[in-house]
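The data block below is query-v5.txt; it holds compact mmCIF, C-alpha atoms.
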# COMPACT_ATOMS: atom_id res chain seq x y z
CA MET A 26 -43.99 -97.78 11.48
CA THR A 27 -40.37 -97.07 10.51
CA LYS A 28 -38.18 -94.85 12.63
CA ASP A 29 -38.25 -92.14 9.98
CA GLN A 30 -42.04 -92.20 9.97
CA LEU A 31 -42.11 -91.91 13.74
CA ILE A 32 -39.98 -88.77 13.57
CA ALA A 33 -42.10 -87.36 10.74
CA HIS A 34 -45.26 -87.88 12.79
CA TYR A 35 -43.61 -86.16 15.72
CA PHE A 36 -43.06 -83.00 13.67
CA SER A 37 -46.56 -82.97 12.22
CA LYS A 38 -47.93 -83.63 15.71
CA THR A 39 -49.73 -86.73 14.54
CA LEU A 40 -48.20 -89.34 16.85
CA SER A 41 -50.77 -91.69 18.34
CA PRO A 42 -50.38 -92.38 22.09
CA GLU A 43 -48.82 -95.79 21.35
CA ALA A 44 -46.48 -94.37 18.76
CA GLN A 45 -45.54 -91.63 21.21
CA LYS A 46 -44.57 -94.33 23.69
CA GLU A 47 -42.40 -96.03 21.11
CA PHE A 48 -40.91 -92.68 20.16
CA ASP A 49 -39.99 -91.89 23.78
CA HIS A 50 -38.54 -95.33 24.25
CA LEU A 51 -36.34 -95.12 21.15
CA LEU A 52 -35.16 -91.69 22.16
CA THR A 53 -33.66 -93.06 25.38
CA THR A 54 -32.37 -96.37 24.04
CA ASP A 55 -31.39 -95.91 20.40
CA THR A 56 -28.46 -93.53 19.81
CA GLU A 57 -28.88 -93.49 16.02
CA PHE A 58 -32.52 -92.55 16.43
CA LYS A 59 -31.63 -89.86 18.89
CA LYS A 60 -29.01 -88.47 16.53
CA ALA A 61 -31.44 -88.38 13.61
CA PHE A 62 -34.07 -86.73 15.75
CA LYS A 63 -31.66 -84.19 17.21
CA PHE A 64 -30.56 -83.15 13.72
CA GLN A 65 -34.13 -82.52 12.64
CA GLU A 66 -34.99 -80.78 15.86
CA ASN A 67 -32.04 -78.44 15.33
CA LEU A 68 -33.25 -77.84 11.80
CA LYS A 69 -36.63 -76.86 13.17
CA THR A 70 -34.98 -74.36 15.52
CA VAL A 71 -32.90 -72.91 12.69
CA ILE A 72 -35.94 -72.50 10.44
CA LYS A 73 -37.90 -70.93 13.25
CA LYS A 74 -35.07 -68.51 13.88
CA GLU A 75 -34.92 -67.69 10.16
CA THR A 76 -38.61 -66.94 10.13
CA GLN A 77 -38.38 -64.81 13.24
CA THR A 78 -35.52 -62.82 11.74
CA GLN A 79 -37.49 -62.26 8.53
CA LEU A 80 -40.55 -61.16 10.47
CA LYS A 81 -38.50 -58.76 12.55
CA GLU A 82 -37.06 -57.20 9.39
CA GLU A 83 -40.53 -56.95 7.93
CA LEU A 84 -41.84 -55.16 11.02
CA GLN A 85 -38.83 -52.87 11.19
CA SER A 86 -39.39 -51.85 7.60
CA ILE A 87 -43.01 -50.95 8.40
CA GLU A 88 -41.70 -48.77 11.19
CA ASN A 89 -39.10 -46.99 9.14
CA PRO A 90 -38.20 -48.14 5.66
CA THR A 91 -34.64 -46.80 5.80
CA LYS A 92 -33.84 -47.40 9.44
CA THR A 93 -32.64 -50.99 9.22
CA SER A 94 -29.91 -50.40 6.70
CA SER A 95 -28.45 -47.40 8.48
CA LYS A 96 -28.52 -49.35 11.73
CA THR A 97 -26.42 -52.17 10.32
CA TYR A 98 -24.12 -49.60 8.77
CA ILE A 99 -23.49 -48.06 12.18
CA LYS A 100 -23.00 -51.48 13.68
CA TRP A 101 -20.31 -52.23 11.14
CA LEU A 102 -18.70 -48.87 11.68
CA VAL A 103 -18.51 -49.56 15.41
CA ALA A 104 -17.15 -53.05 14.77
CA ALA A 105 -14.55 -51.67 12.39
CA SER A 106 -13.41 -49.06 14.92
CA ILE A 107 -13.06 -51.67 17.62
CA ILE A 108 -11.03 -53.88 15.32
CA LEU A 109 -8.83 -50.96 14.43
CA LEU A 110 -8.26 -50.12 18.10
CA LEU A 111 -7.44 -53.73 18.90
CA ALA A 112 -5.04 -53.90 16.02
CA LEU A 113 -3.22 -50.67 16.90
CA PRO A 114 -0.73 -52.14 19.42
CA SER A 115 0.59 -54.45 16.74
CA PHE A 116 1.70 -51.42 14.76
CA TRP A 117 4.01 -50.44 17.57
CA TYR A 118 5.28 -53.85 18.50
CA PHE A 119 5.66 -54.90 14.98
CA GLY A 120 9.14 -56.21 14.27
CA PRO A 121 10.76 -58.15 11.49
CA SER A 122 9.21 -61.55 11.14
CA ASN A 123 11.51 -64.45 10.42
CA LEU A 124 8.68 -66.85 9.80
CA ASP A 125 8.22 -68.24 6.40
CA ASN A 126 4.95 -66.61 5.44
CA GLU A 127 4.55 -68.62 2.31
CA ALA A 128 4.53 -71.77 4.44
CA LEU A 129 2.00 -70.29 6.84
CA PHE A 130 -0.21 -69.44 3.93
CA ALA A 131 0.12 -72.89 2.43
CA THR A 132 -0.79 -74.71 5.64
CA ASN A 133 -3.84 -72.55 6.24
CA PHE A 134 -5.22 -71.83 2.81
CA LYS A 135 -7.88 -74.03 1.32
CA PRO A 136 -10.26 -72.50 -1.23
CA PHE A 137 -13.58 -71.78 0.42
CA GLU A 138 -16.04 -74.56 -0.27
CA ASN A 139 -18.95 -74.01 -2.58
CA VAL A 140 -21.87 -73.29 -0.29
CA VAL A 141 -23.78 -70.96 -2.56
CA HIS A 142 -24.53 -73.06 -5.58
CA PRO A 143 -24.97 -76.73 -4.68
CA ILE A 144 -24.21 -78.97 -7.63
CA VAL A 145 -26.86 -81.65 -7.93
CA ARG A 146 -26.06 -84.59 -10.14
CA GLY A 147 -28.42 -85.19 -12.99
CA GLU A 148 -29.56 -81.60 -13.28
CA ASP A 149 -29.09 -79.36 -16.25
CA TYR A 150 -25.50 -78.16 -16.44
CA ASN A 151 -25.87 -75.50 -19.06
CA ASP A 152 -25.98 -72.30 -17.09
CA LEU A 153 -22.78 -70.39 -16.53
CA LYS A 154 -22.97 -70.38 -12.75
CA THR A 155 -23.29 -74.14 -12.55
CA LYS A 156 -20.40 -74.58 -14.98
CA ALA A 157 -18.32 -72.19 -12.93
CA PHE A 158 -18.90 -74.04 -9.69
CA ILE A 159 -18.39 -77.45 -11.25
CA SER A 160 -14.94 -76.40 -12.39
CA TYR A 161 -14.36 -74.68 -9.03
CA GLU A 162 -15.13 -77.89 -7.21
CA ALA A 163 -12.93 -79.77 -9.68
CA LYS A 164 -10.10 -77.33 -8.85
CA GLU A 165 -9.77 -76.21 -12.47
CA TYR A 166 -8.95 -72.70 -11.42
CA GLU A 167 -7.92 -71.14 -14.74
CA GLU A 168 -11.17 -72.28 -16.28
CA THR A 169 -13.14 -71.20 -13.22
CA LEU A 170 -11.63 -67.75 -13.44
CA ASN A 171 -12.89 -67.37 -17.00
CA TYR A 172 -16.38 -68.43 -15.95
CA PHE A 173 -16.42 -66.08 -12.97
CA ASN A 174 -15.21 -63.20 -15.12
CA ALA A 175 -17.98 -63.90 -17.60
CA LEU A 176 -20.55 -64.01 -14.78
CA LEU A 177 -19.29 -60.76 -13.32
CA GLU A 178 -19.48 -59.12 -16.71
CA GLU A 179 -23.16 -59.96 -16.79
CA SER A 180 -23.74 -58.37 -13.42
CA ASP A 181 -21.88 -57.43 -10.27
CA ASN A 182 -22.20 -60.05 -7.58
CA ALA A 183 -20.31 -59.84 -4.30
CA THR A 184 -20.53 -63.56 -3.60
CA ILE A 185 -19.08 -64.47 -6.99
CA SER A 186 -16.36 -61.85 -6.46
CA PHE A 187 -15.48 -63.51 -3.17
CA TYR A 188 -15.08 -66.86 -4.90
CA LYS A 189 -13.11 -65.20 -7.67
CA ALA A 190 -10.68 -63.84 -5.08
CA ASN A 191 -10.24 -67.38 -3.81
CA VAL A 192 -9.36 -68.53 -7.29
CA LEU A 193 -6.94 -65.64 -7.77
CA LEU A 194 -5.13 -66.58 -4.57
CA GLN A 195 -4.88 -70.11 -5.79
CA LEU A 196 -3.37 -68.83 -9.05
CA ASN A 197 -0.89 -66.65 -7.17
CA LYS A 198 -2.49 -63.42 -8.42
CA ASN A 199 -2.30 -61.97 -4.94
CA ASP A 200 -2.64 -58.26 -5.54
CA GLU A 201 -5.70 -58.71 -7.67
CA ALA A 202 -7.23 -60.94 -4.98
CA ILE A 203 -6.51 -58.46 -2.21
CA LYS A 204 -8.03 -55.63 -4.21
CA ILE A 205 -11.28 -57.57 -4.43
CA LEU A 206 -11.31 -58.75 -0.82
CA GLU A 207 -10.63 -55.25 0.50
CA GLN A 208 -13.42 -53.63 -1.42
CA ASN A 209 -16.06 -56.32 -1.60
CA ASN A 210 -18.52 -54.69 0.80
CA GLU A 211 -21.81 -55.90 -0.61
CA LEU A 212 -21.15 -59.47 0.50
CA PRO A 213 -23.98 -61.18 2.46
CA GLN A 214 -23.48 -61.05 6.20
CA LYS A 215 -22.93 -64.78 6.46
CA LEU A 216 -19.80 -64.63 4.30
CA LYS A 217 -18.18 -61.51 5.72
CA THR A 218 -16.06 -63.28 8.32
CA GLN A 219 -15.00 -65.80 5.72
CA GLN A 220 -13.85 -62.91 3.56
CA GLN A 221 -11.79 -61.47 6.44
CA TRP A 222 -10.13 -64.84 6.90
CA TYR A 223 -9.10 -65.02 3.26
CA LEU A 224 -7.96 -61.42 3.32
CA ALA A 225 -5.75 -62.24 6.30
CA LEU A 226 -4.24 -65.18 4.42
CA ALA A 227 -3.67 -63.02 1.37
CA TYR A 228 -1.83 -60.41 3.45
CA ILE A 229 0.31 -63.18 4.94
CA LYS A 230 1.15 -64.30 1.46
CA ILE A 231 2.47 -60.89 0.48
CA ASN A 232 4.25 -60.51 3.84
CA ASN A 233 2.04 -57.72 5.12
CA THR A 234 1.91 -58.99 8.70
CA LYS A 235 0.47 -55.76 10.07
CA LYS A 236 -2.66 -55.94 7.97
CA ALA A 237 -2.89 -59.71 8.36
CA LYS A 238 -3.11 -59.29 12.11
CA ALA A 239 -5.87 -56.71 11.82
CA SER A 240 -7.91 -59.06 9.65
CA LEU A 241 -7.30 -62.00 11.96
CA ASN A 242 -8.50 -59.92 14.88
CA ALA A 243 -11.65 -59.18 12.95
CA VAL A 244 -12.18 -62.90 12.42
CA ILE A 245 -11.60 -63.64 16.10
CA ASN A 246 -13.92 -60.89 17.24
CA ASN A 247 -16.69 -62.20 15.08
CA GLY A 248 -16.26 -65.61 16.66
CA THR A 249 -18.35 -67.59 14.19
CA TYR A 250 -15.81 -68.90 11.71
CA LYS A 251 -12.21 -70.13 12.03
CA THR A 252 -11.86 -68.45 15.42
CA LYS A 253 -9.38 -71.00 16.74
CA ALA A 254 -7.37 -71.13 13.54
CA ALA A 255 -7.16 -67.33 13.51
CA GLU A 256 -5.95 -67.26 17.11
CA GLN A 257 -3.26 -69.81 16.33
CA LEU A 258 -2.18 -67.97 13.25
CA LEU A 259 -2.02 -64.72 15.17
CA GLU A 260 0.28 -66.36 17.70
CA GLN A 261 2.52 -67.67 14.96
CA LEU A 262 2.80 -64.22 13.45
CA ASP A 263 3.75 -62.64 16.77
CA MET B 15 -65.09 -63.40 14.03
CA VAL B 16 -62.44 -60.97 12.80
CA ASP B 17 -59.73 -62.35 15.09
CA LYS B 18 -60.23 -65.81 13.63
CA VAL B 19 -59.75 -64.53 10.10
CA LEU B 20 -56.58 -62.73 11.16
CA VAL B 21 -55.19 -65.83 12.87
CA GLU B 22 -55.85 -67.88 9.74
CA ALA B 23 -54.09 -65.27 7.60
CA LEU B 24 -51.13 -65.14 9.99
CA LYS B 25 -50.83 -68.90 9.76
CA LYS B 26 -50.49 -68.59 6.02
CA ARG B 27 -47.64 -66.14 6.48
CA ASN B 28 -49.67 -63.32 4.99
CA SER B 29 -47.62 -60.11 5.18
CA GLU B 30 -50.65 -57.86 4.92
CA ALA B 31 -52.30 -59.55 7.90
CA LEU B 32 -49.11 -59.18 9.88
CA LYS B 33 -48.91 -55.51 9.02
CA SER B 34 -52.53 -54.96 9.89
CA VAL B 35 -52.28 -56.62 13.32
CA TYR B 36 -49.08 -54.73 13.95
CA LEU B 37 -50.51 -51.32 13.11
CA ASP B 38 -53.92 -51.90 14.70
CA TYR B 39 -52.61 -52.29 18.24
CA LYS B 40 -49.37 -50.35 18.11
CA THR B 41 -50.61 -47.04 19.52
CA ALA B 42 -52.55 -48.79 22.26
CA PHE B 43 -49.51 -50.84 23.19
CA ILE B 44 -47.26 -47.79 23.40
CA GLY B 45 -49.86 -46.19 25.67
CA PHE B 46 -50.05 -49.34 27.76
CA ALA B 47 -46.25 -49.44 28.15
CA LYS B 48 -46.03 -45.80 29.28
CA LYS B 49 -46.18 -46.78 32.93
CA TYR B 50 -42.90 -48.65 32.65
CA PRO B 51 -39.53 -46.90 32.56
CA LEU B 52 -38.69 -47.68 28.95
CA ASP B 53 -38.03 -45.35 26.04
CA GLU B 54 -40.27 -45.53 23.00
CA ALA B 55 -37.71 -47.22 20.75
CA THR B 56 -37.39 -50.05 23.28
CA VAL B 57 -41.15 -50.34 23.59
CA ILE B 58 -41.49 -50.65 19.82
CA ASP B 59 -38.74 -53.26 19.77
CA ILE B 60 -40.59 -55.24 22.45
CA TYR B 61 -43.88 -54.81 20.63
CA GLN B 62 -42.33 -56.24 17.46
CA ASP B 63 -41.06 -59.26 19.39
CA ALA B 64 -44.52 -59.76 20.89
CA ILE B 65 -46.03 -59.74 17.39
CA ILE B 66 -43.48 -62.34 16.29
CA ALA B 67 -44.34 -64.55 19.29
CA LEU B 68 -48.02 -64.13 18.46
CA HIS B 69 -47.27 -65.17 14.90
CA ASP B 70 -45.35 -68.25 16.09
CA ASN B 71 -48.23 -69.33 18.26
CA ALA B 72 -50.72 -68.79 15.46
CA VAL B 73 -48.62 -70.99 13.15
CA ASN B 74 -48.45 -73.67 15.83
CA GLY B 75 -52.22 -73.76 16.01
CA LYS B 76 -52.19 -72.49 19.57
CA LEU B 77 -54.57 -69.66 18.79
CA ASP B 78 -57.17 -71.82 17.06
CA HIS B 79 -59.27 -71.92 20.17
CA LEU B 80 -58.33 -68.58 21.61
CA LYS B 81 -60.72 -67.64 24.40
CA SER B 82 -59.67 -64.06 24.89
CA GLU B 83 -59.47 -61.35 22.27
CA LEU B 84 -56.38 -61.31 20.10
CA LYS B 85 -55.49 -57.90 21.52
CA THR B 86 -55.68 -59.10 25.13
CA TYR B 87 -53.53 -62.05 24.26
CA LEU B 88 -50.98 -59.90 22.43
CA PHE B 89 -50.76 -57.50 25.35
CA SER B 90 -50.18 -60.27 27.87
CA ILE B 91 -47.25 -61.48 25.79
CA GLY B 92 -46.04 -57.89 25.56
CA LYS B 93 -46.33 -57.44 29.30
CA TYR B 94 -44.27 -60.54 29.92
CA MET B 95 -41.61 -59.26 27.53
CA ILE B 96 -41.58 -55.83 29.16
CA PHE B 97 -40.98 -57.37 32.59
CA LYS B 98 -38.30 -59.60 31.20
CA ARG B 99 -36.52 -56.63 29.60
CA LEU B 100 -36.75 -54.59 32.80
CA LYS B 101 -35.29 -57.47 34.71
CA GLN B 102 -32.43 -57.77 32.24
CA GLN B 103 -31.73 -54.08 32.55
CA LYS B 104 -31.79 -54.52 36.31
CA SER B 105 -34.02 -51.52 36.28
CA MET B 106 -35.03 -49.60 39.36
CA TYR B 107 -38.54 -50.65 38.68
CA SER B 108 -39.38 -53.12 41.39
CA ILE B 109 -40.56 -56.51 40.32
CA ASP B 110 -41.30 -58.97 43.06
CA GLU B 111 -39.16 -62.01 42.50
CA ASP B 112 -38.98 -64.35 39.59
CA THR B 113 -42.43 -65.68 40.36
CA THR B 114 -43.99 -62.65 38.73
CA LEU B 115 -42.30 -63.38 35.46
CA GLU B 116 -43.26 -67.03 35.64
CA SER B 117 -46.86 -66.28 36.51
CA LEU B 118 -47.09 -63.87 33.60
CA LYS B 119 -45.85 -66.62 31.35
CA ILE B 120 -48.48 -69.01 32.64
CA ASP B 121 -51.15 -66.37 32.10
CA THR B 122 -50.43 -66.24 28.41
CA ASP B 123 -50.32 -70.01 28.43
CA TYR B 124 -48.05 -70.29 25.40
CA ALA B 125 -44.46 -69.93 24.33
CA VAL B 126 -43.43 -66.31 24.58
CA ASP B 127 -39.67 -66.52 24.18
CA LEU B 128 -38.01 -65.91 20.86
CA ILE B 129 -34.97 -67.90 19.84
CA GLU B 130 -31.92 -65.91 20.76
CA ASP B 131 -28.65 -67.80 20.52
CA LEU B 132 -28.00 -70.82 18.37
CA SER B 133 -25.68 -73.63 19.44
CA GLU B 134 -22.56 -74.35 17.39
CA ASP B 135 -24.26 -77.22 15.56
CA GLN B 136 -27.25 -75.05 14.85
CA GLN B 137 -25.07 -72.27 13.48
CA LYS B 138 -23.49 -74.67 10.99
CA LEU B 139 -26.92 -75.88 10.06
CA GLN B 140 -28.08 -72.29 9.63
CA ILE B 141 -25.32 -71.49 7.13
CA ALA B 142 -26.14 -74.65 5.21
CA PHE B 143 -29.87 -73.97 5.26
CA LYS B 144 -29.39 -70.45 3.95
CA SER B 145 -27.48 -71.75 0.97
CA LEU B 146 -30.21 -74.18 -0.06
CA GLY B 147 -32.39 -73.37 -3.05
CA GLU B 148 -35.81 -71.78 -2.59
CA LYS B 149 -37.60 -75.05 -3.35
CA CYS B 150 -35.84 -76.83 -0.50
CA LYS B 151 -36.31 -73.94 1.90
CA ALA B 152 -40.04 -73.94 1.16
CA ILE B 153 -40.61 -77.64 1.66
CA LEU B 154 -38.49 -77.84 4.81
CA THR B 155 -40.17 -74.75 6.29
CA LEU B 156 -43.61 -76.22 5.70
CA PHE B 157 -42.61 -79.52 7.23
CA TYR B 158 -40.59 -78.44 10.24
CA TYR B 159 -41.86 -74.98 11.07
CA ARG B 160 -45.47 -75.17 10.10
CA GLY B 161 -45.88 -78.86 10.91
CA PHE B 162 -47.46 -79.82 7.58
CA THR B 163 -47.84 -83.52 6.79
CA ILE B 164 -46.47 -84.83 3.47
CA ASP B 165 -50.04 -84.92 2.14
CA GLU B 166 -50.58 -81.27 3.00
CA ILE B 167 -47.24 -80.33 1.43
CA THR B 168 -48.12 -82.22 -1.75
CA ASN B 169 -51.24 -80.14 -1.94
CA GLU B 170 -49.71 -76.81 -0.98
CA LEU B 171 -46.74 -76.99 -3.34
CA ASN B 172 -48.61 -78.74 -6.15
CA TYR B 173 -46.53 -81.89 -6.31
CA SER B 174 -48.01 -84.54 -8.58
CA ASN B 175 -48.16 -87.03 -5.74
CA LYS B 176 -47.04 -87.83 -2.23
CA ASP B 177 -43.96 -89.79 -3.27
CA VAL B 178 -42.59 -86.89 -5.29
CA ALA B 179 -42.92 -84.58 -2.30
CA LYS B 180 -41.37 -87.17 -0.06
CA SER B 181 -38.32 -87.76 -2.23
CA GLN B 182 -37.90 -84.03 -2.77
CA LYS B 183 -37.79 -83.57 0.99
CA SER B 184 -35.22 -86.37 1.36
CA ARG B 185 -33.07 -84.80 -1.34
CA CYS B 186 -33.17 -81.48 0.48
CA ILE B 187 -32.13 -83.10 3.75
CA LYS B 188 -29.32 -84.83 1.94
CA SER B 189 -27.97 -81.66 0.36
CA LEU B 190 -28.23 -79.99 3.75
CA LYS B 191 -26.12 -82.73 5.29
CA ASP B 192 -23.65 -82.59 2.41
CA LEU B 193 -23.27 -78.87 2.92
CA ILE B 194 -22.51 -79.35 6.60
CA PHE B 195 -20.24 -82.34 6.45
CA LYS B 196 -18.26 -81.42 3.37
CA PRO B 197 -14.72 -80.76 4.67
Write the structure described by the file as structure tokens, please.
Amino acid sequence: MTKDQLIAHYFSKTLSPEAQKEFDHLLTTDTEFKKAFKFQENLKTVIKKETQTQLKEELQSIENPTKTSSKTYIKWLVAASIILLLALPSFWYFGPSNLDNEALFATNFKPFENVVHPIVRGEDYNDLKTKAFISYEAKEYEETLNYFNALLEESDNATISFYKANVLLQLNKNDEAIKILEQNNELPQKLKTQQQWYLALAYIKINNTKKAKASLNAVINNGTYKTKAAEQLLEQLD
Amino acid sequence: MVDKVLVEALKKRNSEALKSVYLDYKTAFIGFAKKYPLDEATVIDIYQDAIIALHDNAVNGKLDHLKSELKTYLFSIGKYMIFKRLKQQKSMYSIDEDTTLESLKIDTDYAVDLIEDLSEDQQKLQIAFKSLGEKCKAILTLFYYRGFTIDEITNELNYSNKDVAKSQKSRCIKSLKDLIFKP
């Protein structure tokens, strides 16, 4: 049996006693095997968590069909107030910054990677979204912008808007980018911190240090994405 | 037996079955929890978690040979979760030592803890997994969460043969890894 097969049998609970022995042995002696297994075990945990979250939402919606959305709304309101409170001192201590903000922006900005529309080689490239992300990944930003605009004309989509803002920043159309990032509230939860990060960078670019700090604080408070980078950047702005 | 049918339906991720189990025992559970110092919203929250744990165990085949009634089993999970919550709240309600919690866990005999926090690696993996296509999510969920073999997956998702299912799964793992390791 190959190592991959051993792991597969582990997950389908079909390891024979001998195979189990081999499995246990490899786990303690073979680091590559352990790494491969650990990755898949983590994946199992993630999928289980996903399922549990879905089930919870399903049960909550039985309980009260409107409750869940208002709950998250309140949560965000609370989060926003906390961020605002944390950011307040910087309004008072705010002094002229002699840092070159353009340089700060340049060292920190990298267009957010395409995690929403994986491009698979050999598949049909004809739909607009795929074309858009192919040119995005190829860093053809003018072209990408046209594609995104076309997509957004078809229908509003917060995720596409977020990527469009990234492109606008790249093309130095800062005000337009900020307008999107400030108002793009329908974005999926998983991308919200990312959006704050890019908003912070955009503010830095237009020398609005006050607002940049508030956004960076939001990123830090969330603690899931670019936390360290945001802390560093905040220090540099101070 | 009705319980058996329900367990089978839960295993297949049938939303109606889930709803039916949930509603069938809800009132009884709230009544049962009245003797503990918890408000109703908390009790419902706990009850939902107990249902999810029940679902997990059904999927894992741990309820295939259930000796007690489904309701009894559900309530013992719920009781464990109530005690755990009270302990977390450091409530005035006196619980004798940790042994109580442990013995309750042994009574139910199965996993009763939901996944709470993910490690850093797992969080990255979670973001990547969420951005996969539906096809990949389905095949990976069947394989890792429900413990299907490749043969069973071939059948369930109507792949033309085992090798197609197998290479589809490898492709999904690869795009997952690409999503994580892409700088």
Compute the set of chain B residues within 10 Å of chain A, using only C-alpha atoms, and express it as number ranges by chain.
B: 27, 29, 32-33, 36-37, 58-59, 61-63, 65-67, 69-70, 74, 128-147, 151, 154-164, 185, 187, 189-194, 196-197
Non-local contacts of Leu77 (chain B) (10 Å; only C-alpha atoms; under 6 positions in same chain excluded) as a VMD selection string:
chain B and resid 17 to 18 21 to 22 25 68 to 71 84 87 124
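The protein and nucleic acid residues lying at most 8 Å from region 160-174 of chain A are Glu138, Asn139, Leu153, Lys154, Lys156, Glu178, Ile185, Ser186, Lys189, Val192, Leu193, Gln195 and Leu196 of chain A, with all atoms listed in the file considered and sequence neighbours fewer than 4 positions away removed.
One distance worth recording is that between CA of Gln221 (chain A) and CA of Ser240 (chain A), which is 5.6 Å.
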Two-atom distance - CA of Ala175 (chain A), CA of Trp222 (chain A) (Å)
25.7 Å
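Nearest to Glu211 (chain A) of all the residues A:Ala44, A:Val103, A:Leu224, A:Ala183 is A:Ala183, based on all atoms listed in the file.
You will find CA of Gln45 (chain A) at 11.6 Å from CA of Met26 (chain A).
Of the listed residues (A:Leu194, A:Ala61, A:Ile32, A:Leu40), A:Leu194 comes nearest to Ile231 (chain A); the distances count all atoms listed in the file.
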Reconstruct N, CA, C and O atoms of region 82-96 of chain B from the incomplete input and present them as a PDB file, keeping the file's coordinate frame.
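Writing the result to selection.pdb gives the following:
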ATOM      1  N   SER B  82     -59.643 -65.523  24.733  1.00  0.00           N
ATOM      2  CA  SER B  82     -59.670 -64.060  24.890  1.00  0.00           C
ATOM      3  C   SER B  82     -59.597 -63.387  23.515  1.00  0.00           C
ATOM      4  O   SER B  82     -59.463 -64.053  22.500  1.00  0.00           O
ATOM      5  N   GLU B  83     -59.674 -62.066  23.522  1.00  0.00           N
ATOM      6  CA  GLU B  83     -59.470 -61.350  22.270  1.00  0.00           C
ATOM      7  C   GLU B  83     -57.997 -61.418  21.881  1.00  0.00           C
ATOM      8  O   GLU B  83     -57.134 -61.529  22.756  1.00  0.00           O
ATOM      9  N   LEU B  84     -57.748 -61.285  20.593  1.00  0.00           N
ATOM     10  CA  LEU B  84     -56.380 -61.310  20.100  1.00  0.00           C
ATOM     11  C   LEU B  84     -55.549 -60.210  20.771  1.00  0.00           C
ATOM     12  O   LEU B  84     -54.412 -60.410  21.183  1.00  0.00           O
ATOM     13  N   LYS B  85     -56.183 -59.042  20.914  1.00  0.00           N
ATOM     14  CA  LYS B  85     -55.490 -57.900  21.520  1.00  0.00           C
ATOM     15  C   LYS B  85     -55.066 -58.207  22.961  1.00  0.00           C
ATOM     16  O   LYS B  85     -53.936 -57.953  23.358  1.00  0.00           O
ATOM     17  N   THR B  86     -55.988 -58.764  23.739  1.00  0.00           N
ATOM     18  CA  THR B  86     -55.680 -59.100  25.130  1.00  0.00           C
ATOM     19  C   THR B  86     -54.503 -60.073  25.187  1.00  0.00           C
ATOM     20  O   THR B  86     -53.593 -59.930  26.007  1.00  0.00           O
ATOM     21  N   TYR B  87     -54.577 -61.040  24.305  1.00  0.00           N
ATOM     22  CA  TYR B  87     -53.530 -62.050  24.260  1.00  0.00           C
ATOM     23  C   TYR B  87     -52.172 -61.430  23.900  1.00  0.00           C
ATOM     24  O   TYR B  87     -51.160 -61.681  24.546  1.00  0.00           O
ATOM     25  N   LEU B  88     -52.202 -60.585  22.864  1.00  0.00           N
ATOM     26  CA  LEU B  88     -50.980 -59.900  22.430  1.00  0.00           C
ATOM     27  C   LEU B  88     -50.384 -59.061  23.560  1.00  0.00           C
ATOM     28  O   LEU B  88     -49.176 -59.079  23.807  1.00  0.00           O
ATOM     29  N   PHE B  89     -51.255 -58.368  24.275  1.00  0.00           N
ATOM     30  CA  PHE B  89     -50.760 -57.500  25.350  1.00  0.00           C
ATOM     31  C   PHE B  89     -50.196 -58.308  26.508  1.00  0.00           C
ATOM     32  O   PHE B  89     -49.269 -57.867  27.179  1.00  0.00           O
ATOM     33  N   SER B  90     -50.739 -59.492  26.762  1.00  0.00           N
ATOM     34  CA  SER B  90     -50.180 -60.270  27.870  1.00  0.00           C
ATOM     35  C   SER B  90     -48.787 -60.798  27.495  1.00  0.00           C
ATOM     36  O   SER B  90     -47.900 -60.877  28.344  1.00  0.00           O
ATOM     37  N   ILE B  91     -48.604 -61.113  26.225  1.00  0.00           N
ATOM     38  CA  ILE B  91     -47.250 -61.480  25.790  1.00  0.00           C
ATOM     39  C   ILE B  91     -46.327 -60.263  25.948  1.00  0.00           C
ATOM     40  O   ILE B  91     -45.221 -60.357  26.489  1.00  0.00           O
ATOM     41  N   GLY B  92     -46.827 -59.123  25.493  1.00  0.00           N
ATOM     42  CA  GLY B  92     -46.040 -57.890  25.560  1.00  0.00           C
ATOM     43  C   GLY B  92     -45.656 -57.548  26.986  1.00  0.00           C
ATOM     44  O   GLY B  92     -44.519 -57.153  27.260  1.00  0.00           O
ATOM     45  N   LYS B  93     -46.594 -57.741  27.901  1.00  0.00           N
ATOM     46  CA  LYS B  93     -46.330 -57.440  29.300  1.00  0.00           C
ATOM     47  C   LYS B  93     -45.224 -58.338  29.850  1.00  0.00           C
ATOM     48  O   LYS B  93     -44.310 -57.880  30.537  1.00  0.00           O
ATOM     49  N   TYR B  94     -45.312 -59.600  29.504  1.00  0.00           N
ATOM     50  CA  TYR B  94     -44.270 -60.540  29.920  1.00  0.00           C
ATOM     51  C   TYR B  94     -42.901 -60.078  29.406  1.00  0.00           C
ATOM     52  O   TYR B  94     -41.910 -60.049  30.126  1.00  0.00           O
ATOM     53  N   MET B  95     -42.890 -59.673  28.128  1.00  0.00           N
ATOM     54  CA  MET B  95     -41.610 -59.260  27.530  1.00  0.00           C
ATOM     55  C   MET B  95     -41.080 -57.961  28.145  1.00  0.00           C
ATOM     56  O   MET B  95     -39.868 -57.791  28.291  1.00  0.00           O
ATOM     57  N   ILE B  96     -41.995 -57.066  28.500  1.00  0.00           N
ATOM     58  CA  ILE B  96     -41.580 -55.830  29.160  1.00  0.00           C
ATOM     59  C   ILE B  96     -40.899 -56.151  30.494  1.00  0.00           C
ATOM     60  O   ILE B  96     -39.803 -55.675  30.798  1.00  0.00           O
TER      61      ILE B  96
END
